[in-house]
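Trainee: My questions all concern the structure below.
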Amino acid sequence: MRAQVGDWLIVEGRALGGAVHRGLIEEVHGADGAPPYLVHWTDTETRALMFPGPDARVVTSAELRAEEEVVTNHFSSKHYRPRTRT
């Protein structure tokens with residue numbers, strides 16, 4: 001795993017429907033972009049020094065924006081209808 005300051009660390013829960021955590025990488029402490037990373041988590045507003053596990057990935061800001069745009073377009077599509085409970 002390689003990162004630069006300003007990249008995002010995405011940690012996706014292993015359980016179905018699990019939370020996705022996003023954090024801005026503020027510092028890279030390993031050689032050549034390797035961990036550990038000082039990450040500022042968006043959901044808790046805390047900072048932590050991280051050695052990411054297999055459920056984590058690094059994306060650039062542009063990649064994160066593109067992913068969010070795809071999701072936004074999907075859910076704002078007139079073809080999408082949320083399930084209703086009966």
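Letters A, B, ... mark the chains of the structure tokens in the order given; residue numbers begin at 1 per chain; ligand numbers begin at 1, in order shown.
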What's around His40 (chain A) at 8 Å? Count only C-alpha atoms, leave out sequence neighbours fewer than 6 positions away in its own chain, and write the answer as a VMD selection string.

Mentor: chain A and resid 23 to 26 46 to 48

Trainee: Those same residues - all heavy atoms - I'd like them written as a tab-separated table (two decimals), in the first residue's frame.

Mentor:
chain	number	residue	atom	x	y	z
A	23	GLY	N	-10.93	8.53	5.93
A	23	GLY	CA	-10.03	9.42	6.65
A	23	GLY	C	-9.03	10.05	5.72
A	23	GLY	O	-8.52	9.42	4.78
A	24	LEU	N	-8.74	11.31	5.96
A	24	LEU	CA	-7.76	12.05	5.18
A	24	LEU	C	-6.37	11.73	5.72
A	24	LEU	O	-6.13	11.84	6.94
A	24	LEU	CB	-8.03	13.55	5.28
A	24	LEU	CG	-7.08	14.45	4.50
A	24	LEU	CD1	-7.20	14.20	3.00
A	24	LEU	CD2	-7.36	15.91	4.83
A	25	ILE	N	-5.47	11.34	4.85
A	25	ILE	CA	-4.10	11.03	5.27
A	25	ILE	C	-3.34	12.35	5.41
A	25	ILE	O	-3.14	13.07	4.42
A	25	ILE	CB	-3.42	10.09	4.27
A	25	ILE	CG1	-4.18	8.75	4.24
A	25	ILE	CG2	-1.94	9.90	4.62
A	25	ILE	CD1	-3.70	7.78	3.18
A	26	GLU	N	-2.96	12.67	6.64
A	26	GLU	CA	-2.29	13.93	6.93
A	26	GLU	C	-0.77	13.79	6.98
A	26	GLU	O	-0.05	14.76	6.75
A	26	GLU	CB	-2.79	14.52	8.24
A	26	GLU	CG	-4.25	14.90	8.18
A	26	GLU	CD	-4.75	15.55	9.45
A	26	GLU	OE1	-4.16	15.31	10.53
A	26	GLU	OE2	-5.74	16.31	9.36
A	46	THR	N	-11.44	12.41	14.81
A	46	THR	CA	-10.24	12.07	15.57
A	46	THR	C	-9.10	11.77	14.62
A	46	THR	O	-9.31	11.54	13.43
A	46	THR	CB	-10.47	10.83	16.47
A	46	THR	OG1	-10.85	9.73	15.64
A	46	THR	CG2	-11.57	11.10	17.49
A	47	ARG	N	-7.90	11.77	15.15
A	47	ARG	CA	-6.71	11.41	14.38
A	47	ARG	C	-6.09	10.16	15.00
A	47	ARG	O	-6.09	10.01	16.21
A	47	ARG	CB	-5.71	12.55	14.40
A	47	ARG	CG	-6.16	13.74	13.57
A	47	ARG	CD	-5.18	14.89	13.68
A	47	ARG	NE	-5.52	15.97	12.79
A	47	ARG	CZ	-6.44	16.89	13.03
A	47	ARG	NH1	-7.14	16.84	14.15
A	47	ARG	NH2	-6.69	17.84	12.16
A	48	ALA	N	-5.56	9.30	14.13
A	48	ALA	CA	-4.94	8.07	14.62
A	48	ALA	C	-3.81	7.67	13.69
A	48	ALA	O	-3.88	7.89	12.48
A	48	ALA	CB	-5.97	6.95	14.69

Trainee: Please extract the residues of region 31-77 of chain A with a backbone DSSP assignment of alpha helix (DSSP H) and present them as an MDAnalysis selection string.

Mentor: chainID A and resid 61:76

Trainee: Just to be explicit: take each residue in the selection above, keep N, CA and C atoms, and write the result as a PDB file, in the first residue's frame.

Mentor:
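out01.pdb, freshly written:
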ATOM      1  N   SER A  61      -7.920  12.105  -3.966  1.00  0.00           N
ATOM      2  CA  SER A  61      -9.130  12.933  -3.850  1.00  0.00           C
ATOM      3  C   SER A  61      -9.972  12.847  -5.119  1.00  0.00           C
ATOM      4  N   ALA A  62      -9.314  12.833  -6.277  1.00  0.00           N
ATOM      5  CA  ALA A  62     -10.042  12.743  -7.547  1.00  0.00           C
ATOM      6  C   ALA A  62     -10.773  11.410  -7.665  1.00  0.00           C
ATOM      7  N   GLU A  63     -10.141  10.324  -7.252  1.00  0.00           N
ATOM      8  CA  GLU A  63     -10.789   9.011  -7.300  1.00  0.00           C
ATOM      9  C   GLU A  63     -11.982   8.951  -6.356  1.00  0.00           C
ATOM     10  N   LEU A  64     -11.840   9.536  -5.174  1.00  0.00           N
ATOM     11  CA  LEU A  64     -12.945   9.544  -4.208  1.00  0.00           C
ATOM     12  C   LEU A  64     -14.122  10.347  -4.754  1.00  0.00           C
ATOM     13  N   ARG A  65     -13.848  11.508  -5.346  1.00  0.00           N
ATOM     14  CA  ARG A  65     -14.915  12.320  -5.949  1.00  0.00           C
ATOM     15  C   ARG A  65     -15.634  11.545  -7.050  1.00  0.00           C
ATOM     16  N   ALA A  66     -14.871  10.840  -7.892  1.00  0.00           N
ATOM     17  CA  ALA A  66     -15.480  10.064  -8.981  1.00  0.00           C
ATOM     18  C   ALA A  66     -16.372   8.954  -8.429  1.00  0.00           C
ATOM     19  N   GLU A  67     -15.918   8.265  -7.386  1.00  0.00           N
ATOM     20  CA  GLU A  67     -16.728   7.205  -6.769  1.00  0.00           C
ATOM     21  C   GLU A  67     -18.020   7.781  -6.200  1.00  0.00           C
ATOM     22  N   GLU A  68     -17.916   8.921  -5.522  1.00  0.00           N
ATOM     23  CA  GLU A  68     -19.103   9.530  -4.920  1.00  0.00           C
ATOM     24  C   GLU A  68     -20.064  10.026  -5.989  1.00  0.00           C
ATOM     25  N   GLU A  69     -19.541  10.480  -7.120  1.00  0.00           N
ATOM     26  CA  GLU A  69     -20.399  10.940  -8.209  1.00  0.00           C
ATOM     27  C   GLU A  69     -21.199   9.781  -8.795  1.00  0.00           C
ATOM     28  N   VAL A  70     -20.581   8.629  -8.931  1.00  0.00           N
ATOM     29  CA  VAL A  70     -21.283   7.447  -9.439  1.00  0.00           C
ATOM     30  C   VAL A  70     -22.425   7.079  -8.500  1.00  0.00           C
ATOM     31  N   VAL A  71     -22.149   7.063  -7.198  1.00  0.00           N
ATOM     32  CA  VAL A  71     -23.186   6.722  -6.215  1.00  0.00           C
ATOM     33  C   VAL A  71     -24.299   7.764  -6.237  1.00  0.00           C
ATOM     34  N   THR A  72     -23.937   9.029  -6.273  1.00  0.00           N
ATOM     35  CA  THR A  72     -24.942  10.098  -6.304  1.00  0.00           C
ATOM     36  C   THR A  72     -25.824   9.977  -7.531  1.00  0.00           C
ATOM     37  N   ASN A  73     -25.221   9.728  -8.679  1.00  0.00           N
ATOM     38  CA  ASN A  73     -26.004   9.581  -9.907  1.00  0.00           C
ATOM     39  C   ASN A  73     -26.932   8.376  -9.839  1.00  0.00           C
ATOM     40  N   HIS A  74     -26.460   7.298  -9.241  1.00  0.00           N
ATOM     41  CA  HIS A  74     -27.304   6.111  -9.113  1.00  0.00           C
ATOM     42  C   HIS A  74     -28.533   6.400  -8.258  1.00  0.00           C
ATOM     43  N   PHE A  75     -28.325   7.017  -7.112  1.00  0.00           N
ATOM     44  CA  PHE A  75     -29.439   7.233  -6.199  1.00  0.00           C
ATOM     45  C   PHE A  75     -30.323   8.410  -6.592  1.00  0.00           C
ATOM     46  N   SER A  76     -29.839   9.279  -7.458  1.00  0.00           N
ATOM     47  CA  SER A  76     -30.682  10.386  -7.900  1.00  0.00           C
ATOM     48  C   SER A  76     -31.366  10.053  -9.224  1.00  0.00           C
TER      49      SER A  76
END

Trainee: One decimal, in Å: what's the spacing between CA of Arg14 (chain A) and CA of Val39 (chain A)?

Mentor: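 CA of Arg14 (chain A) sits 20.2 Å away from CA of Val39 (chain A).
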
Trainee: Using DSSP assignments from the backbone, pull out every residue in chain A that falls under strand (DSSP E) and give it to me as a list in words.

Mentor: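 Of chain A, only Trp8, Leu9, Ile10, Val11, Glu12, Val20, His21, Arg22, Gly23, Leu24, Ile25, Glu26, Glu27, Val28, Tyr37, Leu38, Val39, His40, Trp41, Arg47, Ala48, Leu49, Met50, Ala56, Arg57, Val58 and Val59 of chain A fall in strand (DSSP E).
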
Trainee: Residues of the last selection are to be written out with C-alpha atoms, as a PDB file, in the first residue's frame.

Mentor:
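And here is the file that came out, again_2.pdb:
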ATOM      1  CA  TRP A   8      -7.871   9.147   1.528  1.00  0.00           C
ATOM      2  CA  LEU A   9      -7.876   5.917   3.504  1.00  0.00           C
ATOM      3  CA  ILE A  10     -11.112   3.989   3.029  1.00  0.00           C
ATOM      4  CA  VAL A  11     -11.881   1.156   5.449  1.00  0.00           C
ATOM      5  CA  GLU A  12     -14.862  -0.958   4.488  1.00  0.00           C
ATOM      6  CA  VAL A  20     -17.443   2.611   5.629  1.00  0.00           C
ATOM      7  CA  HIS A  21     -14.883   4.848   7.323  1.00  0.00           C
ATOM      8  CA  ARG A  22     -13.048   7.577   5.437  1.00  0.00           C
ATOM      9  CA  GLY A  23     -10.027   9.418   6.654  1.00  0.00           C
ATOM     10  CA  LEU A  24      -7.756  12.050   5.183  1.00  0.00           C
ATOM     11  CA  ILE A  25      -4.104  11.033   5.269  1.00  0.00           C
ATOM     12  CA  GLU A  26      -2.287  13.930   6.930  1.00  0.00           C
ATOM     13  CA  GLU A  27       1.149  12.342   7.394  1.00  0.00           C
ATOM     14  CA  VAL A  28       3.004   9.416   5.815  1.00  0.00           C
ATOM     15  CA  TYR A  37      -0.274   6.973   8.195  1.00  0.00           C
ATOM     16  CA  LEU A  38      -1.635   9.695  10.434  1.00  0.00           C
ATOM     17  CA  VAL A  39      -5.305   9.704   9.469  1.00  0.00           C
ATOM     18  CA  HIS A  40      -7.969  12.298  10.309  1.00  0.00           C
ATOM     19  CA  TRP A  41     -11.243  10.339  10.397  1.00  0.00           C
ATOM     20  CA  ARG A  47      -6.711  11.412  14.379  1.00  0.00           C
ATOM     21  CA  ALA A  48      -4.943   8.066  14.622  1.00  0.00           C
ATOM     22  CA  LEU A  49      -1.687   6.530  13.488  1.00  0.00           C
ATOM     23  CA  MET A  50      -2.735   3.623  11.261  1.00  0.00           C
ATOM     24  CA  ALA A  56      -8.508  -0.795   3.659  1.00  0.00           C
ATOM     25  CA  ARG A  57      -7.554   0.962   0.459  1.00  0.00           C
ATOM     26  CA  VAL A  58      -5.988   4.283  -0.492  1.00  0.00           C
ATOM     27  CA  VAL A  59      -7.565   6.578  -3.086  1.00  0.00           C
TER      28      VAL A  59
END

Trainee: Quick one, how far is CA of Pro35 (chain A) from CA of Ala19 (chain A)?

Mentor: 22.5 Å

Trainee: Could you tell me which of A:Gly13, A:Gly53, A:Gly18, A:Gly6 comes closest to Gly33 (chain A) if we count only C-alpha atoms?

Mentor: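 For Gly33 (chain A), the nearest of the given residues is A:Gly6.
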
Trainee: What's around Ala31 (chain A) at 12 Å? Count only C-alpha atoms, leave out sequence neighbours fewer than 5 positions away in its own chain, and write the answer as JSON, numbers by chain.

Mentor: {"A": [1, 2, 3, 4, 36, 37]}

Trainee: Tell me which of A:Gly30, A:Ala15, A:Asp7, A:Arg83 sits closest to Phe51 (chain A), counting only C-alpha atoms.

Mentor: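 That would be A:Gly30, the residue with the smallest distance to Phe51 (chain A).
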